[in-house]
Structures are given as C-alpha cells and as structure tokens.
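For reference, entry-v3.cif is printed below; it contains mmCIF, C-alpha atoms.
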```
data_entry
loop_
_atom_site.label_atom_id
_atom_site.label_comp_id
_atom_site.auth_asym_id
_atom_site.auth_seq_id
_atom_site.Cartn_x
_atom_site.Cartn_y
_atom_site.Cartn_z
CA MET A 1 63.80 10.95 -9.06
CA ARG A 2 64.77 8.74 -6.12
CA ALA A 3 62.35 6.51 -4.24
CA VAL A 4 62.38 3.66 -1.74
CA THR A 5 61.42 0.44 -3.50
CA TRP A 6 60.60 -3.04 -2.24
CA ASP A 7 62.94 -5.67 -3.71
CA GLY A 8 62.01 -8.73 -1.68
CA ARG A 9 61.59 -9.91 1.88
CA GLN A 10 63.60 -7.61 4.18
CA ASP A 11 65.17 -5.99 1.14
CA VAL A 12 64.54 -2.37 0.17
CA ASP A 13 66.55 -0.13 -2.11
CA VAL A 14 66.64 3.52 -3.13
CA SER A 15 66.15 3.54 -6.87
CA ASP A 16 65.82 5.89 -9.82
CA VAL A 17 62.19 5.85 -10.93
CA PRO A 18 60.15 8.04 -13.32
CA GLU A 19 58.60 11.15 -11.82
CA PRO A 20 54.81 11.01 -11.51
CA ARG A 21 52.57 13.13 -13.71
CA ILE A 22 49.04 14.49 -13.50
CA GLU A 23 46.70 11.64 -14.49
CA ALA A 24 43.31 13.05 -13.47
CA PRO A 25 41.89 16.59 -13.17
CA THR A 26 41.83 16.33 -9.36
CA ASP A 27 45.49 15.25 -9.01
CA ALA A 28 48.30 17.29 -7.51
CA ILE A 29 52.04 16.75 -7.79
CA VAL A 30 53.87 17.31 -4.50
CA GLU A 31 57.60 17.59 -3.87
CA VAL A 32 58.24 15.79 -0.61
CA THR A 33 59.96 17.62 2.24
CA ALA A 34 59.58 14.75 4.74
CA SER A 35 58.24 11.21 4.70
CA GLY A 36 57.75 8.79 7.57
CA LEU A 37 58.77 5.21 8.25
CA CYS A 38 55.85 3.42 9.89
CA GLY A 39 55.38 0.11 11.67
CA SER A 40 52.96 -0.82 8.90
CA ASP A 41 55.82 -0.45 6.43
CA LEU A 42 57.58 -3.19 8.37
CA HIS A 43 54.70 -5.57 7.62
CA LEU A 44 55.53 -5.08 3.95
CA TYR A 45 59.28 -5.17 4.55
CA ARG A 46 58.90 -8.57 6.19
CA HIS A 47 56.35 -9.63 3.53
CA LEU A 48 53.73 -10.47 6.15
CA ILE A 49 51.07 -9.07 3.81
CA PRO A 50 50.88 -10.32 0.20
CA GLY A 51 50.35 -8.31 -2.95
CA LEU A 52 53.65 -6.45 -3.42
CA ASP A 53 55.66 -6.42 -6.62
CA ARG A 54 59.40 -5.85 -6.85
CA GLY A 55 59.99 -2.17 -7.51
CA ASP A 56 56.86 -0.95 -5.71
CA ILE A 57 57.41 2.41 -3.99
CA LEU A 58 56.86 2.21 -0.24
CA GLY A 59 55.68 4.70 2.36
CA HIS A 60 52.36 6.30 3.21
CA GLU A 61 53.21 9.43 5.21
CA ALA A 62 54.33 12.67 3.57
CA THR A 63 54.43 16.42 3.76
CA GLY A 64 55.66 18.63 0.99
CA VAL A 65 55.12 21.55 -1.38
CA VAL A 66 52.62 21.54 -4.24
CA ARG A 67 54.42 21.74 -7.58
CA GLU A 68 51.52 21.25 -10.01
CA THR A 69 47.75 20.80 -9.87
CA GLY A 70 45.10 19.42 -12.19
CA PRO A 71 42.45 21.79 -13.57
CA ASP A 72 39.80 20.74 -11.03
CA VAL A 73 41.95 21.28 -7.92
CA HIS A 74 40.78 24.36 -6.01
CA SER A 75 41.65 23.73 -2.33
CA VAL A 76 45.43 24.01 -2.78
CA GLN A 77 47.68 25.81 -5.21
CA VAL A 78 51.26 25.69 -6.40
CA GLY A 79 53.62 26.63 -3.58
CA ASP A 80 51.33 25.52 -0.75
CA THR A 81 52.75 23.33 2.00
CA VAL A 82 50.52 20.30 2.51
CA VAL A 83 50.22 17.10 4.52
CA VAL A 84 49.42 13.96 2.54
CA PRO A 85 47.63 11.39 4.72
CA PHE A 86 47.81 7.69 4.03
CA ASN A 87 44.13 7.43 3.03
CA VAL A 88 43.42 7.89 -0.67
CA ALA A 89 39.86 9.20 -0.42
CA CYS A 90 37.55 11.20 -2.67
CA GLY A 91 35.89 13.28 0.05
CA THR A 92 32.47 13.20 -1.61
CA CYS A 93 31.09 9.65 -1.32
CA ALA A 94 28.74 8.51 1.45
CA MET A 95 31.58 7.04 3.52
CA CYS A 96 33.78 10.12 3.24
CA ARG A 97 30.89 12.40 4.17
CA GLN A 98 30.58 10.41 7.41
CA GLY A 99 34.26 10.87 8.17
CA LEU A 100 35.07 7.28 7.22
CA GLU A 101 37.73 8.01 4.60
CA SER A 102 39.37 4.63 5.17
CA GLN A 103 36.19 3.11 3.70
CA CYS A 104 35.97 5.49 0.71
CA GLN A 105 33.55 4.02 -1.81
CA THR A 106 35.35 5.58 -4.77
CA THR A 107 38.71 3.96 -3.97
CA GLN A 108 37.35 0.83 -2.24
CA ASN A 109 39.01 -2.38 -3.36
CA THR A 110 35.95 -4.57 -3.76
CA GLU A 111 37.81 -7.27 -5.68
CA PHE A 112 39.71 -8.07 -2.49
CA HIS A 113 36.88 -7.19 -0.10
CA ARG A 114 38.99 -4.33 1.28
CA GLY A 115 38.32 -0.72 2.14
CA GLY A 116 39.65 2.45 0.58
CA SER A 117 43.04 2.64 -1.09
CA LEU A 118 46.24 3.54 0.74
CA PHE A 119 49.48 5.11 -0.41
CA GLY A 120 52.39 2.72 -0.71
CA TYR A 121 50.56 -0.49 0.04
CA THR A 122 49.66 -3.70 -1.74
CA GLU A 123 47.30 -4.50 -4.59
CA GLN A 124 44.66 -5.27 -1.95
CA TYR A 125 44.69 -1.55 -1.14
CA GLY A 126 44.95 -0.06 -4.60
CA HIS A 127 48.64 -0.46 -5.44
CA VAL A 128 49.09 3.33 -5.24
CA PRO A 129 52.77 4.40 -5.44
CA GLY A 130 54.09 5.36 -2.03
CA CYS A 131 55.39 8.51 -0.38
CA GLN A 132 59.03 7.65 0.38
CA ALA A 133 60.08 9.46 -2.76
CA ASP A 134 61.26 12.85 -3.99
CA VAL A 135 57.96 13.56 -5.73
CA ILE A 136 54.49 12.01 -5.39
CA ARG A 137 51.16 12.15 -7.20
CA VAL A 138 48.26 12.92 -4.86
CA PRO A 139 44.85 11.78 -6.16
CA PHE A 140 41.74 13.67 -5.04
CA ALA A 141 43.93 16.54 -3.90
CA ASN A 142 40.95 18.70 -2.89
CA HIS A 143 40.39 16.29 -0.01
CA THR A 144 43.63 14.38 0.36
CA ALA A 145 46.16 17.26 0.40
CA THR A 146 45.69 19.29 3.59
CA PRO A 147 47.30 22.75 3.83
CA ILE A 148 49.52 23.51 6.82
CA HIS A 149 51.59 26.57 7.77
CA ALA A 150 54.84 26.58 5.83
CA GLU A 151 56.70 27.51 9.03
CA THR A 152 55.79 24.20 10.65
CA PRO A 153 58.90 21.96 10.71
CA ALA A 154 58.46 19.21 8.14
CA TYR A 155 59.51 16.49 10.57
CA ARG A 156 56.57 17.49 12.78
CA ALA A 157 54.06 18.12 9.98
CA VAL A 158 54.57 14.62 8.55
CA LEU A 159 53.26 13.14 11.81
CA LEU A 160 49.80 14.36 10.76
CA ALA A 161 49.83 11.86 7.89
CA ASP A 162 49.40 8.82 10.14
CA VAL A 163 50.86 8.70 13.65
CA LEU A 164 48.87 11.50 15.26
CA PRO A 165 45.45 10.78 13.73
CA THR A 166 45.80 7.03 14.26
CA ALA A 167 46.65 7.55 17.93
CA TRP A 168 43.94 10.20 18.28
CA GLN A 169 41.33 7.88 16.77
CA GLY A 170 42.41 5.11 19.13
CA VAL A 171 41.94 7.35 22.15
CA ALA A 172 38.64 8.67 20.77
CA TYR A 173 37.37 5.15 20.08
CA ALA A 174 38.37 4.15 23.61
CA ASP A 175 36.21 7.02 24.92
CA VAL A 176 38.83 8.12 27.43
CA SER A 177 37.70 10.44 30.24
CA PRO A 178 39.56 12.19 33.08
CA GLY A 179 40.36 9.89 35.98
CA MET A 180 40.40 6.70 33.94
CA THR A 181 43.28 4.25 33.77
CA VAL A 182 44.38 3.42 30.22
CA ALA A 183 46.70 0.50 29.49
CA VAL A 184 48.62 0.83 26.21
CA PHE A 185 50.20 -2.31 24.77
CA GLY A 186 53.20 -1.38 22.64
CA LEU A 187 55.17 1.85 22.98
CA GLY A 188 56.28 2.21 19.40
CA PRO A 189 55.24 5.35 17.50
CA ILE A 190 51.48 4.84 17.82
CA GLY A 191 51.58 3.66 21.41
CA GLN A 192 53.81 6.56 22.48
CA MET A 193 51.47 9.11 20.96
CA ALA A 194 48.32 7.36 22.21
CA SER A 195 49.82 7.47 25.71
CA ARG A 196 50.45 11.22 25.47
CA LEU A 197 47.00 11.92 24.09
CA ALA A 198 45.29 9.77 26.74
CA ALA A 199 47.24 11.60 29.46
CA ARG A 200 46.18 14.88 27.84
CA GLN A 201 42.59 13.68 28.34
CA GLY A 202 43.27 13.35 32.06
CA ALA A 203 43.88 9.60 32.21
CA SER A 204 46.56 7.67 34.09
CA VAL A 205 48.50 5.56 31.60
CA ILE A 206 50.20 2.18 31.97
CA GLY A 207 52.45 1.19 29.06
CA VAL A 208 53.61 -2.34 28.22
CA GLU A 209 56.82 -2.51 26.18
CA PRO A 210 59.92 -4.77 26.14
CA VAL A 211 62.34 -2.17 24.69
CA ALA A 212 64.04 -0.14 27.42
CA GLU A 213 64.51 3.04 25.37
CA ARG A 214 60.83 3.11 24.49
CA ARG A 215 59.82 2.62 28.12
CA ALA A 216 62.15 5.46 29.09
CA MET A 217 60.57 7.80 26.54
CA ALA A 218 57.08 7.01 27.83
CA GLU A 219 58.19 7.46 31.43
CA ARG A 220 59.43 10.96 30.59
CA HIS A 221 55.81 11.73 29.79
CA GLY A 222 54.31 10.33 32.98
CA VAL A 223 53.58 6.75 31.90
CA THR A 224 53.94 3.85 34.34
CA THR A 225 55.64 1.09 32.38
CA ILE A 226 55.79 -2.70 32.49
CA ASP A 227 58.50 -4.81 30.89
CA PRO A 228 56.75 -7.96 29.61
CA ASP A 229 60.08 -9.77 29.35
CA THR A 230 60.57 -9.59 33.12
CA THR A 231 56.92 -9.80 34.21
CA ASP A 232 55.45 -13.27 34.62
CA ASP A 233 51.82 -12.18 34.20
CA VAL A 234 51.30 -8.83 32.46
CA PRO A 235 47.49 -8.67 32.82
CA ALA A 236 47.78 -9.53 36.52
CA ALA A 237 50.33 -6.73 36.94
CA ILE A 238 47.88 -4.27 35.37
CA VAL A 239 45.08 -5.53 37.60
CA ASP A 240 47.34 -5.03 40.63
CA LEU A 241 48.15 -1.46 39.55
CA THR A 242 44.41 -0.72 39.33
CA ASN A 243 43.47 -2.01 42.79
CA GLY A 244 42.13 -5.28 41.45
CA LEU A 245 39.78 -3.71 38.90
CA GLY A 246 41.63 -3.85 35.61
CA ALA A 247 42.21 -0.98 33.19
CA ASP A 248 39.15 1.09 32.26
CA ARG A 249 40.41 1.29 28.71
CA VAL A 250 43.02 -0.75 26.82
CA ILE A 251 44.68 0.31 23.57
CA ASP A 252 46.35 -2.42 21.50
CA ALA A 253 49.05 -0.60 19.56
CA VAL A 254 50.97 -3.79 18.74
CA GLY A 255 48.89 -6.05 16.52
CA MET A 256 50.66 -8.87 14.75
CA GLU A 257 54.13 -7.59 15.71
CA ALA A 258 53.76 -9.11 19.20
CA GLU A 259 55.71 -12.28 19.77
CA GLY A 260 58.12 -14.03 22.05
CA SER A 261 56.24 -14.51 25.30
CA ALA A 262 55.90 -17.85 27.03
CA MET A 263 52.13 -17.84 26.58
CA ASP A 264 52.50 -17.13 22.88
CA SER A 265 54.82 -20.14 22.53
CA VAL A 266 52.38 -22.44 24.32
CA LEU A 267 49.36 -21.27 22.34
CA GLN A 268 51.16 -21.62 19.05
CA ALA A 269 52.53 -25.03 19.97
CA THR A 270 49.02 -26.24 20.77
CA LYS A 271 47.64 -24.60 17.60
CA LEU A 272 45.22 -22.52 19.65
CA GLN A 273 46.25 -19.30 17.93
CA PRO A 274 48.76 -18.08 15.37
CA SER A 275 51.86 -16.20 16.44
CA ARG A 276 51.77 -12.46 17.09
CA VAL A 277 48.38 -12.04 18.80
CA ILE A 278 49.58 -12.15 22.38
CA ALA A 279 48.99 -8.42 22.92
CA LEU A 280 45.32 -8.83 22.08
CA ARG A 281 44.97 -11.77 24.47
CA HIS A 282 46.63 -9.74 27.21
CA ALA A 283 44.38 -6.77 26.45
CA ILE A 284 41.28 -8.90 26.95
CA ASP A 285 42.62 -10.21 30.26
CA ALA A 286 43.70 -6.75 31.47
CA VAL A 287 40.56 -4.72 30.75
CA ARG A 288 38.03 -4.32 33.54
CA ARG A 289 34.49 -5.60 33.31
CA GLY A 290 32.42 -3.14 31.33
CA GLY A 291 35.57 -1.62 29.85
CA THR A 292 36.62 -0.88 26.28
CA ILE A 293 39.42 -2.18 24.07
CA SER A 294 40.54 0.02 21.18
CA ILE A 295 42.59 -1.87 18.59
CA LEU A 296 45.09 0.14 16.57
CA GLY A 297 47.52 -2.67 15.78
CA VAL A 298 47.24 -4.31 12.36
CA TYR A 299 46.14 -7.95 12.18
CA ALA A 300 46.45 -9.90 8.94
CA GLY A 301 44.21 -12.93 8.66
CA PRO A 302 41.85 -14.58 11.16
CA VAL A 303 42.62 -15.01 14.84
CA GLN A 304 41.94 -18.54 16.04
CA ALA A 305 40.45 -19.40 19.43
CA PHE A 306 39.20 -15.84 19.85
CA PRO A 307 37.75 -15.62 23.40
CA LEU A 308 34.30 -14.31 22.51
CA ASP A 309 32.90 -15.94 25.64
CA GLN A 310 35.27 -13.95 27.83
CA LEU A 311 34.44 -10.69 26.07
CA PHE A 312 30.73 -11.39 26.44
CA ASP A 313 31.01 -12.35 30.10
CA LYS A 314 33.08 -9.24 30.91
CA GLN A 315 30.78 -7.03 28.83
CA VAL A 316 33.74 -5.56 26.95
CA ALA A 317 33.26 -3.14 24.06
CA LEU A 318 35.61 -3.48 21.07
CA HIS A 319 36.33 -0.59 18.73
CA MET A 320 38.85 -0.78 15.93
CA GLY A 321 39.63 0.16 12.38
CA GLN A 322 41.94 1.84 9.92
CA ALA A 323 42.38 5.50 10.83
CA ASN A 324 40.26 8.07 9.03
CA VAL A 325 43.00 10.68 8.91
CA MET A 326 41.17 13.67 7.44
CA ARG A 327 38.37 13.33 10.03
CA TRP A 328 40.76 14.36 12.82
CA MET A 329 42.87 17.00 11.05
CA THR A 330 40.99 20.01 12.45
CA ASP A 331 41.70 18.84 16.00
CA LEU A 332 45.34 18.01 15.41
CA ILE A 333 46.79 20.69 13.15
CA PRO A 334 46.81 23.37 15.89
CA LEU A 335 48.80 21.05 18.17
CA VAL A 336 51.44 20.55 15.45
CA GLU A 337 51.58 24.15 14.25
CA ASP A 338 51.96 25.50 17.81
CA PRO A 339 55.62 26.61 18.26
CA ALA A 340 55.35 25.59 21.94
CA ASP A 341 55.15 21.94 20.77
CA PRO A 342 52.49 20.87 23.34
CA LEU A 343 52.88 17.17 22.45
CA ASP A 344 56.68 17.40 22.73
CA LEU A 345 57.16 16.06 19.22
CA ASP A 346 60.85 16.91 19.48
CA ASP A 347 61.01 14.09 22.03
CA PHE A 348 59.28 11.72 19.63
CA VAL A 349 61.07 11.88 16.27
CA THR A 350 64.21 9.98 17.17
CA HIS A 351 65.86 9.86 13.73
CA ARG A 352 65.88 12.35 10.84
CA LEU A 353 67.72 10.66 7.98
CA PRO A 354 68.27 11.23 4.26
CA LEU A 355 66.09 9.17 1.96
CA GLU A 356 69.20 7.41 0.67
CA SER A 357 69.64 5.77 4.09
CA ALA A 358 66.36 3.83 3.79
CA PRO A 359 67.89 0.31 3.72
CA TYR A 360 69.79 1.06 6.93
CA ALA A 361 66.76 2.76 8.50
CA TYR A 362 64.38 -0.14 7.78
CA ASP A 363 66.80 -2.63 9.32
CA MET A 364 67.40 -0.41 12.35
CA PHE A 365 63.69 0.20 12.94
CA GLN A 366 62.78 -3.46 12.44
CA ASN A 367 65.37 -4.56 14.98
CA LYS A 368 64.58 -1.68 17.38
CA ARG A 369 68.17 -0.50 17.54
CA GLN A 370 69.51 2.89 18.60
CA GLY A 371 66.31 3.80 20.43
CA ALA A 372 64.39 4.11 17.16
CA VAL A 373 60.79 5.19 17.76
CA LYS A 374 59.96 7.47 14.85
CA VAL A 375 62.13 7.72 11.74
CA VAL A 376 61.59 10.58 9.29
CA PHE A 377 63.23 10.75 5.87
CA GLU A 378 64.25 14.15 4.51
CA PRO A 379 65.37 14.87 0.95
CA THR A 380 68.86 15.87 -0.03
CA PRO A 381 69.39 18.38 -1.52
CA PRO A 382 66.55 20.60 -0.21
CA VAL A 383 63.37 20.79 -2.27
CA THR A 384 62.86 23.88 -4.41
CA VAL A 385 59.62 24.90 -6.08
CA SER A 386 59.03 27.35 -8.89
CA ALA A 387 55.65 29.06 -8.87
#
```

Represent the structure of the file as structure tokens.
Amino acid sequence: MRAVTWDGRQDVDVSDVPEPRIEAPTDAIVEVTASGLCGSDLHLYRHLIPGLDRGDILGHEATGVVRETGPDVHSVQVGDTVVVPFNVACGTCAMCRQGLESQCQTTQNTEFHRGGSLFGYTEQYGHVPGCQADVIRVPFANHTATPIHAETPAYRAVLLADVLPTAWQGVAYADVSPGMTVAVFGLGPIGQMASRLAARQGASVIGVEPVAERRAMAERHGVTTIDPDTTDDVPAAIVDLTNGLGADRVIDAVGMEAEGSAMDSVLQATKLQPSRVIALRHAIDAVRRGGTISILGVYAGPVQAFPLDQLFDKQVALHMGQANVMRWMTDLIPLVEDPADPLDLDDFVTHRLPLESAPYAYDMFQNKRQGAVKVVFEPTPPVTVSA
C-alpha cells in the first residue's frame, strides 16, 4: 500500500509500505477514504518535536470503511463507515470513563511522562503508525472507531477526527456564553472552526491572523479580523474593540507556530522567552480581568519568563489540553451528517488532493500558499471493500 512517510526535516515522501494486520483481538483494519493534514503534522515535518524515525507513517485524522475486525470487536463490523480520531484510547480505564481519552491509562507513555498514545506521532506518544495511508490498523476499535452515516462526504467526516472536536473543546473550555466577546489567535484550521463554534454559541468573535486569505474566510462567517503584521499593538487593538475591557474569552489556536513580530524578536534577543510564544503573550494581555484563556495551540518545552504575576493579578483562568475526541462525538456528528452543512464545511476544506501529492501539500500548507486552510487527502483509485 501507499503511505506518507517522514524522511527528514521538511522532507516527506509517499512510499510503498506493508499493509497492517490484526495484532490484537480488539483491532480493526480500515481502508481510508479521506485523511487530513493538520498543523500538528507540520511540527513533525519541521522536526520541532523529537522522536521520529525515517520511514514513520504520518497523519492522525482518518475516515474510512472497515475491512476486517478482531474477534472481540462488537461496536463496528465489516463494511461500516467510521471516523478514526487521533486519540488511541481503550475506552475502559479511569481516564477514558471520565471523557479524558487523551490521558488514557492503557496507552499512556509513562516512560516519557506523556499522556495517551496518538496516531502518527513520535515515540513519546506511542509511535503508532499514522493515518495518511491507504489502510490503517485501529487499536481498541470498540472505542476508537466511531460509526458515521456512509452518505456523509468523506472530506467532511474526516474533520471529526481532530479539527472539530479540538475546536469544540477549546470553546467548551473557554465557557463561552451568548453576548461574550471571544478573541481567537490564529485562523488556521482550528482557529477558523473555533470562531464558527463560538459564534454559534452567540459570541462576537475577533480573529487575529496575518494571512489575508484566512482573514477573508473568517470574515465571511462574521468574524472581525486583525492583521498583526500591520497592527502595532494587537492586545491594545482588542481592548479598543471591547470598549476598554478586553476580550471575555481568548482562544490561542497558534501555539509554537507564532513568530515574526517585533515583540517576539526583542524577547528572544534578550533571552526572556523562546521564539514562537508571542500568541500566548498577546492572549494574556488581551483577556479582560476575570476572563478565561483556552489554549489549543501546541507548545513543546517550557516557556520562559511566564507572566504568572500578571495572570494572578488579572484573575485569569487557564484551561488547556490535548483534545479528548470521543468525548465530543455525540455533539458533533449531527452537525457533520446534516446535508444542510450548518458549519459550512464546504467553505472550510480548501484542498482535496490525492495522497500522492503529499510532498507538495506539506510544502504548500507550511508556507500558507494558495489559501490553504484545510487539506484533505483522498485515495486514488477509490476504495472498495468486500464484505
């Protein structure tokens, strides 16, 4: 079969690799009908996170059709269309029973002091082969493989594997209510969807994003946008837009991808903080007193000169964490299955490309060319399944 493999820093290939097989009674084998390219994949592409080996299969978002199941799988059967979330979680441990699948005790990586395993990530998160492939093995399929109507377009269904639940969790953790103002830093895939979901909760949304095409997409959905490249003081601009108060809620959908501002350059030059944390600093400055910051962006390593005194003085609540995808599926599946497309997902998936185009797609997405917001890979030729 064909799969996207990591071959070095900013170097991916589409390679012939062995097809996976059933390894445990609770495994399922799924033929992929769509897989996603995520901002977290770019962290691996750029080798910002250690623990990859050459030839590792990338990707952690998939939907597809069940081809084979182990003897203990009872929740899905051959021929079912399923979503495969990025969490590899047993569904029965104490963490999973609390809806904290990202902390699954069964797949937890205690050697590295990390939480539950993830598809297509590093040895710190289980080294589980990824989803950008023709066929994948799904461990703990009774919990991890979630059935969805076969009529749902695959390019929409795959969004349930990461983008939608991550954005939903961010909005839920921010405790957004009608009438609030929510500032979203970063209008990539997660920030776009968090903006739509916050607006769906009745909030007014301000989005901060340097890429014009991404601002334009958000504006089509009612977001007031700020270009940080042409704004001297982004937090001050948000305070001005909120009548001097600051945003009730701030969602950091950037993480360590943020870079390039004047403040970032000064702080790095003076060794006060590493590069790529400017969005978090701006979030702290932009939130109102007594407000909440919800962190969805990924941060690798410690953040120096963290302004704990400012957070304490402003009485700011922080909520963050890896998304617990299965926890939110019941809320989200109806929105994706609905033919009316209430989240306008057709104005979200910007590129549907064959898996073979992965090297081009990674480079395009990394460099934010051609208006890329969400890239979905689709197999060629079409998947067929024999019952």

>> Quick check, in Å to one decimal: how far apart do CA of Asp134 in chain A and CA of Met329 in chain A lie?
In response: 24.1 Å

>> Calculated over only C-alpha atoms, which of the candidates A:Ala372, A:Val223, A:Ala133, A:Ala24 has the smallest distance to Ile206 in chain A?
In response: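 Ranked by minimum distance to Ile206 in chain A, first place goes to A:Val223.
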
> Can you tell me, as a PyMOL selection string, what residues are no more than 9 Å from Val12 in chain A when counting only C-alpha atoms, ignoring any on the same chain fewer than 6 positions away?
Replying inline: chain A and resi 4-6+45+55+58+358-359+362

Serialized selection, C-alpha atoms, as an mmCIF file, keeping the file's coordinate frame:
```
data_model
loop_
_atom_site.group_PDB
_atom_site.id
_atom_site.type_symbol
_atom_site.label_atom_id
_atom_site.label_comp_id
_atom_site.auth_asym_id
_atom_site.auth_seq_id
_atom_site.Cartn_x
_atom_site.Cartn_y
_atom_site.Cartn_z
ATOM 1 C CA VAL A 4 62.380 3.660 -1.740
ATOM 2 C CA THR A 5 61.420 0.440 -3.500
ATOM 3 C CA TRP A 6 60.600 -3.040 -2.240
ATOM 4 C CA TYR A 45 59.280 -5.170 4.550
ATOM 5 C CA GLY A 55 59.990 -2.170 -7.510
ATOM 6 C CA LEU A 58 56.860 2.210 -0.240
ATOM 7 C CA ALA A 358 66.360 3.830 3.790
ATOM 8 C CA PRO A 359 67.890 0.310 3.720
ATOM 9 C CA TYR A 362 64.380 -0.140 7.780
#
```

>> Just to confirm, what's the straight-line distance from CA of Cys38 in chain A to CA of Val158 in chain A in Å (one decimal)?
In response: 11.4 Å

So what does the PyMOL selection byres ((chain A and resi 331-342) around 12) actually pick up in this one, as a CSV table (one decimal) with C-alpha atoms, keeping the file's coordinate frame?
```csv
chain,number,residue,atom,x,y,z
A,82,VAL,CA,50.5,20.3,2.5
A,83,VAL,CA,50.2,17.1,4.5
A,146,THR,CA,45.7,19.3,3.6
A,147,PRO,CA,47.3,22.8,3.8
A,148,ILE,CA,49.5,23.5,6.8
A,149,HIS,CA,51.6,26.6,7.8
A,150,ALA,CA,54.8,26.6,5.8
A,151,GLU,CA,56.7,27.5,9.0
A,152,THR,CA,55.8,24.2,10.6
A,153,PRO,CA,58.9,22.0,10.7
A,154,ALA,CA,58.5,19.2,8.1
A,155,TYR,CA,59.5,16.5,10.6
A,156,ARG,CA,56.6,17.5,12.8
A,157,ALA,CA,54.1,18.1,10.0
A,158,VAL,CA,54.6,14.6,8.6
A,159,LEU,CA,53.3,13.1,11.8
A,160,LEU,CA,49.8,14.4,10.8
A,161,ALA,CA,49.8,11.9,7.9
A,162,ASP,CA,49.4,8.8,10.1
A,163,VAL,CA,50.9,8.7,13.6
A,164,LEU,CA,48.9,11.5,15.3
A,165,PRO,CA,45.4,10.8,13.7
A,166,THR,CA,45.8,7.0,14.3
A,167,ALA,CA,46.6,7.6,17.9
A,168,TRP,CA,43.9,10.2,18.3
A,169,GLN,CA,41.3,7.9,16.8
A,172,ALA,CA,38.6,8.7,20.8
A,196,ARG,CA,50.4,11.2,25.5
A,197,LEU,CA,47.0,11.9,24.1
A,200,ARG,CA,46.2,14.9,27.8
A,221,HIS,CA,55.8,11.7,29.8
A,325,VAL,CA,43.0,10.7,8.9
A,326,MET,CA,41.2,13.7,7.4
A,327,ARG,CA,38.4,13.3,10.0
A,328,TRP,CA,40.8,14.4,12.8
A,329,MET,CA,42.9,17.0,11.0
A,330,THR,CA,41.0,20.0,12.4
A,343,LEU,CA,52.9,17.2,22.4
A,344,ASP,CA,56.7,17.4,22.7
A,345,LEU,CA,57.2,16.1,19.2
A,346,ASP,CA,60.8,16.9,19.5
A,347,ASP,CA,61.0,14.1,22.0
A,348,PHE,CA,59.3,11.7,19.6
```

With all atoms listed in the file as the counted atoms, please give the residues lying no more than 6 Å from Ala174 in chain A, apart from itself and same-chain residues fewer than 3 positions off, as a PDB file with C-alpha atoms, in the frame of the given file.
```pdb
ATOM      1  CA  VAL A 171      41.940   7.350  22.150  1.00  0.00           C
ATOM      2  CA  THR A 292      36.620  -0.880  26.280  1.00  0.00           C
ATOM      3  CA  SER A 294      40.540   0.020  21.180  1.00  0.00           C
TER       4      SER A 294
END
```
